[in-house]
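Chemist: Structure in structure tokens, see below.
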Amino acid sequence: MILAARKVAAQLVATLQASDGVVQSLAAQGVPPEEAQWVTAQDAIETRQASPDLSEKQARVRYPPLSVYCEKIENRLTEKFRRFSGIVRMVIEVRVGGSHLDSLLDHLQDQTDAVLDTLERKRGDWGNGLFWSGAYEVTFSAAKHGGPNYLQTAKIVCDFTLGRD
């Protein structure tokens, strides 16, 4: 089922990077198109669970990066005769960096809103036995040193229902 988690992560990244994904949501918020295109870059979304400190040490980070990873796989066996029928808990971590604390939270909330708007528009059947009900949980961290000067993070947790033979 680890392969299923990788496929869910890949599908989630493709959804966020699509032309009707985060780019469209940012444009609807009034963000200029050249600033809204950051998410379509190859390195804008990483599919690994790593702290911001480690990510910054490994490679040059373009802010605001998104991290998509699987936090939990739970086979609940809710459908008889399937090898797997349960949940895949995915996390989308939004990080923003800046030199001023005053605008950091506003920027983080704008980026988080864009991700949530994209997900809300994609509620329902994602194909291949994958379904998202639309429920999510968002937690915000306190600002700290990191990134260009300061760093703040939001974690969006979504439970996807998956049924596989």
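Residues in the structure tokens are numbered from 1 in each chain, the chains being A, B, ... in the order shown, and ligands are numbered from 1 in the order shown.
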Neighbours of stretch 25-27 of chain A within 8 Å (only C-alpha atoms; same-chain residues fewer than 3 positions away dropped), as a list in words?

Modeler: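 Using only C-alpha atoms, the neighbours found are Asp20, Gly21, Val22, Gly30, Val31, Pro32, Pro33, Ala36, Asp110, Gln111, Ala114, Val115, Asp117 and Thr118 of chain A.
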
Chemist: Which residue gives the smallest distance to A:Gly163 among A:Glu79, A:Glu71, A:Asp113, A:Glu35, with only C-alpha atoms counted?

Modeler: A:Glu79

Chemist: Apply DSSP to the structure's backbone, then extract all residues of stretch 25-148 of chain A labelled strand (DSSP E) and return them as a PDB file with C-alpha atoms, in the first residue's frame.

Modeler:
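Result file follows (states04.pdb):
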```pdb
ATOM      1  CA  ILE A  45       6.373  21.204  -4.623  1.00  0.00           C
ATOM      2  CA  GLU A  46       8.482  18.558  -2.936  1.00  0.00           C
ATOM      3  CA  LEU A  66       4.878  23.263  -0.662  1.00  0.00           C
ATOM      4  CA  SER A  67       5.632  19.828   0.754  1.00  0.00           C
ATOM      5  CA  VAL A  68       3.249  16.949   0.102  1.00  0.00           C
ATOM      6  CA  TYR A  69       3.666  13.710   2.024  1.00  0.00           C
ATOM      7  CA  CYS A  70       1.731  10.782   3.444  1.00  0.00           C
ATOM      8  CA  GLU A  71       1.396  10.882   7.212  1.00  0.00           C
ATOM      9  CA  LYS A  72      -0.641   7.727   7.759  1.00  0.00           C
ATOM     10  CA  ILE A  73      -2.147   4.753   5.944  1.00  0.00           C
ATOM     11  CA  GLU A  74      -4.967   2.924   7.684  1.00  0.00           C
ATOM     12  CA  ASN A  75      -6.574  -0.192   6.242  1.00  0.00           C
ATOM     13  CA  PHE A  84      -7.265  -2.346   0.988  1.00  0.00           C
ATOM     14  CA  SER A  85     -10.198  -0.116   1.871  1.00  0.00           C
ATOM     15  CA  GLY A  86      -9.364   2.668   4.224  1.00  0.00           C
ATOM     16  CA  ILE A  87      -7.767   6.061   4.488  1.00  0.00           C
ATOM     17  CA  VAL A  88      -4.574   7.649   3.283  1.00  0.00           C
ATOM     18  CA  ARG A  89      -3.810  10.753   5.337  1.00  0.00           C
ATOM     19  CA  MET A  90      -1.973  13.331   3.244  1.00  0.00           C
ATOM     20  CA  VAL A  91      -0.309  16.485   4.501  1.00  0.00           C
ATOM     21  CA  ILE A  92       0.312  19.622   2.473  1.00  0.00           C
ATOM     22  CA  GLU A  93       2.771  21.878   4.231  1.00  0.00           C
ATOM     23  CA  VAL A  94       2.843  25.519   3.124  1.00  0.00           C
ATOM     24  CA  ARG A  95       5.924  27.512   4.144  1.00  0.00           C
ATOM     25  CA  VAL A  96       6.416  31.220   3.656  1.00  0.00           C
ATOM     26  CA  GLY A  97       9.516  33.240   4.341  1.00  0.00           C
ATOM     27  CA  GLY A  98      10.131  36.934   4.543  1.00  0.00           C
ATOM     28  CA  GLY A 124     -15.318  14.040  -4.770  1.00  0.00           C
ATOM     29  CA  ASP A 125     -14.088  11.145  -6.884  1.00  0.00           C
ATOM     30  CA  TRP A 126     -10.460  11.399  -8.034  1.00  0.00           C
ATOM     31  CA  GLY A 127     -10.594   8.107  -9.966  1.00  0.00           C
ATOM     32  CA  LEU A 130      -9.642   7.430  -4.618  1.00  0.00           C
ATOM     33  CA  PHE A 131     -12.203   9.755  -3.047  1.00  0.00           C
ATOM     34  CA  TRP A 132     -11.876  12.981  -1.060  1.00  0.00           C
ATOM     35  CA  SER A 133     -14.816  14.058   1.100  1.00  0.00           C
ATOM     36  CA  GLY A 134     -13.665  17.662   1.408  1.00  0.00           C
ATOM     37  CA  ALA A 135     -12.807  17.527   5.114  1.00  0.00           C
ATOM     38  CA  TYR A 136      -9.495  18.985   6.210  1.00  0.00           C
ATOM     39  CA  GLU A 137      -7.664  20.369   9.210  1.00  0.00           C
ATOM     40  CA  VAL A 138      -5.265  23.327   9.163  1.00  0.00           C
ATOM     41  CA  THR A 139      -2.709  24.134  11.861  1.00  0.00           C
ATOM     42  CA  PHE A 140      -0.443  27.179  11.868  1.00  0.00           C
ATOM     43  CA  LYS A 144      10.706  31.502  13.700  1.00  0.00           C
ATOM     44  CA  HIS A 145      14.111  32.235  12.225  1.00  0.00           C
ATOM     45  CA  GLY A 146      14.656  30.547   8.873  1.00  0.00           C
TER      46      GLY A 146
END
```

Chemist: Hey, can you check how far atom CA of A:Arg121 sits from atom CA of A:Leu12?

Modeler: 12.9 Å

Chemist: Please give the complete set of residues from stretch 70-113 of chain A that DSSP, run on the backbone, assigns to helix (DSSP H, G or I), formatted as a VMD selection string.

Modeler: chain A and resid 101 to 113

Chemist: Output N, CA and C atoms for every residue in the selection just made, as a PDB file, in the first residue's frame.

Modeler:
```pdb
ATOM      1  N   LEU A 101       8.104  40.403   9.884  1.00  0.00           N
ATOM      2  CA  LEU A 101       7.114  39.604  10.597  1.00  0.00           C
ATOM      3  C   LEU A 101       5.691  40.090  10.343  1.00  0.00           C
ATOM      4  N   ASP A 102       5.549  41.398  10.097  1.00  0.00           N
ATOM      5  CA  ASP A 102       4.222  41.987   9.928  1.00  0.00           C
ATOM      6  C   ASP A 102       3.424  41.351   8.794  1.00  0.00           C
ATOM      7  N   SER A 103       4.070  41.077   7.687  1.00  0.00           N
ATOM      8  CA  SER A 103       3.355  40.569   6.515  1.00  0.00           C
ATOM      9  C   SER A 103       3.408  39.044   6.386  1.00  0.00           C
ATOM     10  N   LEU A 104       4.158  38.386   7.252  1.00  0.00           N
ATOM     11  CA  LEU A 104       4.368  36.948   7.135  1.00  0.00           C
ATOM     12  C   LEU A 104       3.067  36.155   7.263  1.00  0.00           C
ATOM     13  N   LEU A 105       2.274  36.428   8.293  1.00  0.00           N
ATOM     14  CA  LEU A 105       1.034  35.692   8.505  1.00  0.00           C
ATOM     15  C   LEU A 105       0.029  35.943   7.384  1.00  0.00           C
ATOM     16  N   ASP A 106      -0.064  37.181   6.918  1.00  0.00           N
ATOM     17  CA  ASP A 106      -0.976  37.490   5.802  1.00  0.00           C
ATOM     18  C   ASP A 106      -0.600  36.697   4.559  1.00  0.00           C
ATOM     19  N   HIS A 107       0.690  36.641   4.273  1.00  0.00           N
ATOM     20  CA  HIS A 107       1.168  35.899   3.095  1.00  0.00           C
ATOM     21  C   HIS A 107       0.888  34.406   3.259  1.00  0.00           C
ATOM     22  N   LEU A 108       1.111  33.882   4.455  1.00  0.00           N
ATOM     23  CA  LEU A 108       0.851  32.469   4.724  1.00  0.00           C
ATOM     24  C   LEU A 108      -0.636  32.158   4.564  1.00  0.00           C
ATOM     25  N   GLN A 109      -1.489  33.022   5.076  1.00  0.00           N
ATOM     26  CA  GLN A 109      -2.925  32.794   4.953  1.00  0.00           C
ATOM     27  C   GLN A 109      -3.381  32.857   3.498  1.00  0.00           C
ATOM     28  N   ASP A 110      -2.811  33.761   2.699  1.00  0.00           N
ATOM     29  CA  ASP A 110      -3.151  33.840   1.273  1.00  0.00           C
ATOM     30  C   ASP A 110      -2.765  32.556   0.545  1.00  0.00           C
ATOM     31  N   GLN A 111      -1.559  32.053   0.803  1.00  0.00           N
ATOM     32  CA  GLN A 111      -1.089  30.834   0.145  1.00  0.00           C
ATOM     33  C   GLN A 111      -1.914  29.624   0.595  1.00  0.00           C
ATOM     34  N   THR A 112      -2.227  29.563   1.886  1.00  0.00           N
ATOM     35  CA  THR A 112      -3.031  28.462   2.411  1.00  0.00           C
ATOM     36  C   THR A 112      -4.434  28.504   1.828  1.00  0.00           C
ATOM     37  N   ASP A 113      -5.022  29.694   1.734  1.00  0.00           N
ATOM     38  CA  ASP A 113      -6.346  29.849   1.113  1.00  0.00           C
ATOM     39  C   ASP A 113      -6.347  29.355  -0.327  1.00  0.00           C
TER      40      ASP A 113
END
```

Chemist: Provide the atom CA of A:Thr47 to atom CA of A:Ala4 distance in Å, to one decimal place.

Modeler: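 Spanning atom CA of A:Thr47 to atom CA of A:Ala4 is a straight-line distance of 13.9 Å.
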